[in-house]
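A.B. asks: If it helps, the file is called query-v7.cif and holds mmCIF, C-alpha atoms:
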data_query
#
loop_
_atom_site.label_atom_id
_atom_site.label_comp_id
_atom_site.auth_asym_id
_atom_site.auth_seq_id
_atom_site.Cartn_x
_atom_site.Cartn_y
_atom_site.Cartn_z
CA MET A 189 -20.41 13.44 5.78
CA ASP A 190 -20.00 17.20 5.64
CA HIS A 191 -18.93 18.35 2.20
CA ALA A 192 -19.46 22.11 2.58
CA ARG A 193 -16.96 24.33 0.76
CA PRO A 194 -16.41 28.08 0.83
CA LEU A 195 -18.11 29.95 -2.01
CA GLU A 196 -14.84 31.57 -3.08
CA GLU A 197 -13.48 28.14 -3.99
CA THR A 198 -16.24 27.48 -6.54
CA ALA A 199 -14.46 29.38 -9.34
CA GLU A 200 -11.36 27.20 -9.07
CA ALA A 201 -13.29 23.93 -8.77
CA GLU A 202 -12.80 22.87 -12.40
CA PRO A 203 -9.01 23.46 -12.55
CA ASN A 204 -8.68 21.68 -9.22
CA ALA A 205 -10.68 18.73 -10.50
CA VAL A 206 -8.37 18.45 -13.51
CA ALA A 207 -5.31 18.64 -11.26
CA ALA A 208 -6.69 15.95 -8.96
CA GLU A 209 -7.46 13.69 -11.92
CA ARG A 210 -3.98 14.15 -13.36
CA LEU A 211 -2.43 13.41 -9.96
CA THR A 212 -4.41 10.17 -9.75
CA PHE A 213 -3.49 9.13 -13.30
CA PHE A 214 0.16 9.92 -12.59
CA GLY A 215 0.04 7.72 -9.51
CA ASP A 216 -1.49 4.85 -11.50
CA ALA A 217 1.23 5.19 -14.15
CA VAL A 218 4.05 5.12 -11.59
CA ILE A 219 2.55 2.04 -9.93
CA ALA A 220 2.45 0.33 -13.33
CA ILE A 221 6.11 1.22 -13.89
CA ALA A 222 7.09 -0.10 -10.45
CA ILE A 223 5.39 -3.45 -11.11
CA THR A 224 7.04 -3.64 -14.54
CA LEU A 225 10.45 -3.00 -13.00
CA LEU A 226 9.79 -5.86 -10.60
CA ALA A 227 9.30 -8.25 -13.50
CA LEU A 228 12.37 -6.95 -15.37
CA GLU A 229 14.55 -7.85 -12.38
CA LEU A 230 13.54 -11.52 -12.49
CA PRO A 231 16.31 -13.93 -13.55
CA VAL A 232 15.68 -15.64 -16.87
CA PRO A 233 16.76 -19.31 -17.13
CA ASP A 234 19.22 -19.84 -19.98
CA ALA A 235 19.70 -23.61 -19.79
CA LEU A 236 19.20 -25.89 -22.78
CA THR A 237 17.26 -28.71 -21.14
CA THR A 238 14.04 -28.76 -19.11
CA HIS A 239 15.86 -30.31 -16.17
CA ASP A 240 18.44 -27.53 -16.08
CA VAL A 241 15.78 -24.84 -16.52
CA LEU A 242 13.89 -26.21 -13.52
CA ARG A 243 17.12 -26.41 -11.56
CA GLN A 244 17.94 -22.76 -12.29
CA ILE A 245 14.42 -21.71 -11.32
CA SER A 246 14.75 -23.63 -8.06
CA GLU A 247 18.12 -22.03 -7.33
CA ALA A 248 16.63 -18.57 -7.92
CA ARG A 249 13.39 -19.28 -6.03
CA GLY A 250 14.24 -16.61 -3.44
CA GLU A 251 14.09 -13.95 -6.15
CA TYR A 252 10.80 -15.27 -7.51
CA ILE A 253 9.28 -15.36 -4.02
CA ALA A 254 10.49 -11.80 -3.36
CA PHE A 255 8.85 -10.73 -6.64
CA LEU A 256 5.51 -12.27 -5.61
CA ILE A 257 5.70 -10.61 -2.17
CA SER A 258 6.38 -7.22 -3.72
CA PHE A 259 3.68 -7.67 -6.33
CA VAL A 260 1.12 -8.32 -3.57
CA VAL A 261 2.44 -5.44 -1.44
CA ILE A 262 2.40 -2.91 -4.29
CA GLY A 263 -1.05 -4.14 -5.19
CA ALA A 264 -2.21 -3.53 -1.62
CA HIS A 265 -0.77 -0.01 -1.67
CA TRP A 266 -2.40 0.73 -5.02
CA GLY A 267 -5.72 -0.75 -3.91
CA GLY A 268 -5.87 1.62 -0.95
CA HIS A 269 -4.91 4.55 -3.18
CA HIS A 270 -7.54 3.65 -5.78
CA ARG A 271 -10.35 3.33 -3.21
CA VAL A 272 -9.67 6.79 -1.79
CA PHE A 273 -8.55 8.84 -4.78
CA ARG A 274 -11.42 7.90 -7.07
CA HIS A 275 -13.45 10.14 -4.76
CA VAL A 276 -10.91 13.00 -4.70
CA ASP A 277 -11.75 15.97 -6.93
CA ARG A 278 -9.37 18.66 -5.64
CA THR A 279 -5.78 19.13 -4.52
CA ARG A 280 -4.56 21.43 -1.81
CA GLY A 281 -1.70 21.93 0.59
CA PRO A 282 1.00 19.26 0.77
CA LEU A 283 -1.09 16.54 -0.91
CA THR A 284 0.99 16.63 -4.09
CA LEU A 285 4.29 16.45 -2.18
CA LEU A 286 2.99 13.61 -0.02
CA THR A 287 1.88 11.80 -3.17
CA LEU A 288 5.36 12.15 -4.65
CA ALA A 289 6.89 10.81 -1.43
CA TRP A 290 4.48 7.87 -1.51
CA LEU A 291 5.32 7.17 -5.15
CA LEU A 292 9.03 7.31 -4.30
CA MET A 293 8.47 4.38 -1.93
CA GLN A 294 6.75 2.46 -4.73
CA ILE A 295 9.62 3.10 -7.15
CA LEU A 296 12.12 2.06 -4.47
CA THR A 297 10.32 -1.25 -3.99
CA PRO A 298 11.96 -3.02 -6.99
CA PHE A 299 15.38 -1.99 -5.63
CA ALA A 300 14.44 -3.08 -2.10
CA THR A 301 13.15 -6.37 -3.54
CA LYS A 302 16.50 -7.00 -5.24
CA VAL A 303 18.31 -6.27 -2.00
CA LEU A 304 15.94 -8.51 -0.04
CA SER A 305 16.65 -11.51 -2.26
CA ALA A 306 20.45 -11.10 -2.16
CA ASP A 307 22.79 -13.11 0.06
CA GLY A 308 24.21 -12.16 3.45
CA ALA A 309 23.36 -9.42 5.98
CA PHE A 310 19.80 -10.72 6.27
CA GLU A 311 18.72 -8.33 9.03
CA PHE A 312 19.86 -5.25 7.10
CA ARG A 313 18.17 -6.39 3.87
CA PHE A 314 14.97 -7.27 5.70
CA ILE A 315 14.86 -3.97 7.61
CA LEU A 316 15.48 -1.94 4.44
CA TYR A 317 12.54 -3.57 2.68
CA ALA A 318 10.24 -3.35 5.71
CA SER A 319 11.15 0.32 6.25
CA VAL A 320 10.27 1.26 2.66
CA GLN A 321 6.86 -0.40 2.95
CA ALA A 322 6.12 0.97 6.42
CA LEU A 323 6.96 4.49 5.21
CA ALA A 324 4.66 4.01 2.22
CA GLY A 325 1.78 3.09 4.53
CA LEU A 326 2.42 5.95 6.94
CA ILE A 327 2.76 8.52 4.13
CA PHE A 328 -0.47 7.30 2.60
CA MET A 329 -2.30 7.80 5.88
CA LEU A 330 -1.02 11.39 5.88
CA MET A 331 -2.38 11.76 2.35
CA VAL A 332 -5.77 10.49 3.48
CA ARG A 333 -5.66 12.93 6.40
CA GLN A 334 -5.08 15.81 3.96
CA VAL A 335 -8.01 14.71 1.80
CA GLN A 336 -10.26 14.46 4.85
CA ALA A 337 -9.11 17.63 6.63
CA HIS A 338 -9.36 19.88 3.54
CA VAL A 339 -12.57 18.27 2.20
CA LEU A 340 -10.98 17.30 -1.10
CA TYR A 341 -13.56 14.62 -1.85
CA ARG A 342 -16.75 14.56 -3.90
CA PRO A 343 -20.26 14.77 -2.49
CA GLY A 344 -21.66 11.30 -1.90
CA THR A 345 -18.34 9.86 -0.77
CA PRO A 346 -18.98 6.82 1.49
CA PRO A 347 -18.96 7.99 5.11
CA ASP A 348 -16.69 5.17 6.26
CA LEU A 349 -14.14 5.56 3.43
CA PHE A 350 -11.48 7.25 5.51
CA ARG A 351 -11.87 4.98 8.52
CA ARG A 352 -11.41 1.94 6.29
CA ALA A 353 -8.37 3.55 4.65
CA TYR A 354 -6.74 4.25 8.02
CA PHE A 355 -7.36 0.70 9.21
CA GLY A 356 -6.24 -0.90 5.95
CA GLN A 357 -3.01 1.00 5.40
CA GLY A 358 -2.41 1.28 9.14
CA ALA A 359 -2.51 -2.51 9.51
CA LEU A 360 -0.14 -2.88 6.55
CA ALA A 361 2.32 -0.37 8.01
CA LEU A 362 2.01 -1.93 11.47
CA GLY A 363 2.89 -5.37 10.12
CA PHE A 364 6.10 -4.05 8.57
CA LEU A 365 6.99 -1.96 11.63
CA LEU A 366 6.54 -4.88 14.03
CA SER A 367 8.63 -7.12 11.81
CA ILE A 368 11.70 -4.88 12.21
CA PRO A 369 12.42 -5.67 15.89
CA ALA A 370 11.05 -9.19 15.40
CA VAL A 371 13.69 -10.06 12.80
CA PHE A 372 16.39 -9.94 15.50
CA VAL A 373 14.47 -12.52 17.56
CA VAL A 374 12.78 -14.88 15.12
CA GLN A 375 14.90 -14.27 12.00
CA ASP A 376 13.11 -15.24 8.76
CA ARG A 377 9.86 -15.98 10.60
CA ALA A 378 9.48 -12.20 10.87
CA TYR A 379 8.06 -12.41 7.33
CA ASN A 380 4.86 -13.66 8.96
CA PHE A 381 4.21 -10.17 10.36
CA TRP A 382 3.95 -8.68 6.87
CA PHE A 383 0.80 -10.58 6.03
CA GLY A 384 -0.28 -11.92 9.41
CA VAL A 385 -0.93 -8.52 11.01
CA PRO A 386 -3.16 -7.13 8.19
CA VAL A 387 -5.10 -10.41 8.04
CA ALA A 388 -5.53 -10.47 11.82
CA VAL A 389 -6.73 -6.84 11.89
CA ALA A 390 -9.19 -7.55 9.06
CA LEU A 391 -10.57 -10.59 10.90
CA ILE A 392 -10.91 -8.70 14.18
CA ARG A 393 -12.72 -5.84 12.43
CA ARG A 394 -15.06 -8.31 10.75
CA ILE A 395 -15.87 -10.04 14.04
CA LEU A 396 -16.51 -6.73 15.79
CA ARG A 397 -18.71 -5.53 12.93
CA LYS A 398 -20.80 -8.71 13.05
CA ARG A 399 -21.19 -8.31 16.81
CA ARG A 400 -22.35 -4.71 16.38
CA GLU A 401 -24.81 -5.76 13.71
CA ALA A 402 -26.12 -8.59 15.88
CA SER A 403 -26.46 -6.25 18.87
CA ALA A 404 -28.31 -3.66 16.76
CA ALA A 405 -30.64 -6.38 15.44
CA ARG A 406 -31.48 -7.52 18.98
CA GLN A 407 -32.23 -3.97 20.09
CA ALA A 408 -34.41 -3.22 17.06
CA PRO A 409 -38.17 -3.20 17.80
#
Have the structure of the file written as structure tokens, please.

C.D. replies:
Amino acid sequence: MDHARPLEETAEAEPNAVAAERLTFFGDAVIAIAITLLALELPVPDALTTHDVLRQISEARGEYIAFLISFVVIGAHWGGHHRVFRHVDRTRGPLTLLTLAWLLMQILTPFATKVLSADGAFEFRFILYASVQALAGLIFMLMVRQVQAHVLYRPGTPPDLFRRAYFGQGALALGFLLSIPAVFVVQDRAYNFWFGVPVAVALIRRILRKRREASAARQAP
């Protein structure tokens, strides 16, 4: 992987490294806040008996399920961010603005989760949530493109890092995008796209990789 940089950028390398580190830490902090807000929105049973507590939990199960979905989704977004940005040592161009836009989607997720678990207007609530997550995935791919195009990564960065980031976040965004038209046809079964598409893409990539490795092994002397 080419990591050549113009000599005139050497003098500003240290300030850029500090800025990149602060941007990454800021992103981690916002993700932590978003996950905390998710938990704060959970209904707390206030019954006096175990039976009534379990009944209230059962009645609010939609909100608890929505919390678990959002926890997994935010975790997937953060995982992709962590894998890429631990190798980033500079900032340039619109990377900071794109990061803020991406973090906005994370902060909106607790609100979208609350809307998703409400009653009535299912298609609207579903589309709002799916749109927030799809935008988060697409914005992140633009962030990765900035890092790659402007060589904002450290020497020794894994050569397949960006390809894996595009596939990972692209599959996540694709699942949410496909679920939007699907919700008008299959209703609540459109949820399956959110996790089914990323899992299917991961399995297909794994199968293709094993086939490439097997083919390379057969051709080896």

A.B. asks: To verify the selection step, state as an NGL selection string which residues the PyMOL selection byres ((chain A and resi 345-354) around 12) yields on this input.

C.D. replies: :A and (189-191 or 264-277 or 325-337 or 339-344 or 355-362 or 386 or 389-390 or 393-394)

A.B. asks: Name the residues captured by the PyMOL selection byres ((chain A and resi 218-231) around 10) when it is applied to the shown file; answer as a VMD selection string.

C.D. replies: chain A and resid 213 to 217 232 to 234 244 to 245 248 to 249 251 to 252 254 to 256 258 to 260 262 to 263 265 to 266 288 291 to 299 301 to 302

A.B. asks: Interatomic distance between atom CA of Ser319 of chain A and atom CA of Ile253 of chain A?

C.D. replies: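 Distance between the two atoms: 18.8 Å.
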
A.B. asks: Could you write out as a PyMOL selection string the residues that the PyMOL selection byres ((chain A and resi 311) around 8) matches in the shown file?

C.D. replies: chain A and resi 309-310+312-315+371-372+375

A.B. asks: Which residue, A:Asn204, A:Thr237, A:Tyr379, A:Thr287, has the smallest gap to Leu304 of chain A when you use only C-alpha atoms?

C.D. replies: A:Tyr379

A.B. asks: Rounded to one decimal place, report the atom CA of Phe381 of chain A-atom CA of Val320 of chain A distance in Å.

C.D. replies: 15.1 Å

A.B. asks: Atom CA of Val387 of chain A and atom CA of Pro369 of chain A are how many Å apart?

C.D. replies: 19.8 Å

A.B. asks: Box in all listed atoms of segment 256-266 of chain A, axis-aligned, with 8 Å more on each side; write out centre and edge lengths in Å to one decimal as JSON.

C.D. replies:
{"center_x": 2.0, "center_y": -5.8, "center_z": -3.9, "size_x": 24.8, "size_y": 29.0, "size_z": 20.9}

A.B. asks: When you count all atoms listed in the file, which of these residues is closest to Ala208 of chain A: A:Thr279, A:Val303, A:Ser246, A:His239?

C.D. replies: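 With all atoms listed in the file as the atom set, the closest residue is A:Thr279.
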
A.B. asks: Which residue gives the smallest distance to Arg210 of chain A among A:Ser305, A:Thr284, A:Asn380, A:Ser367, with all atoms listed in the file counted?

C.D. replies: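 Of A:Ser305, A:Thr284, A:Asn380, A:Ser367, the one nearest Arg210 of chain A is A:Thr284, counting all atoms listed in the file.
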
A.B. asks: Choose the residue, out of A:Ala378, A:Tyr317, A:Val206, A:Val241, that has the smallest atom-to-atom separation from Leu366 of chain A; count only C-alpha atoms.

C.D. replies: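 Checking each of A:Ala378, A:Tyr317, A:Val206, A:Val241 against Leu366 of chain A, counting only C-alpha atoms, the winner is A:Ala378.
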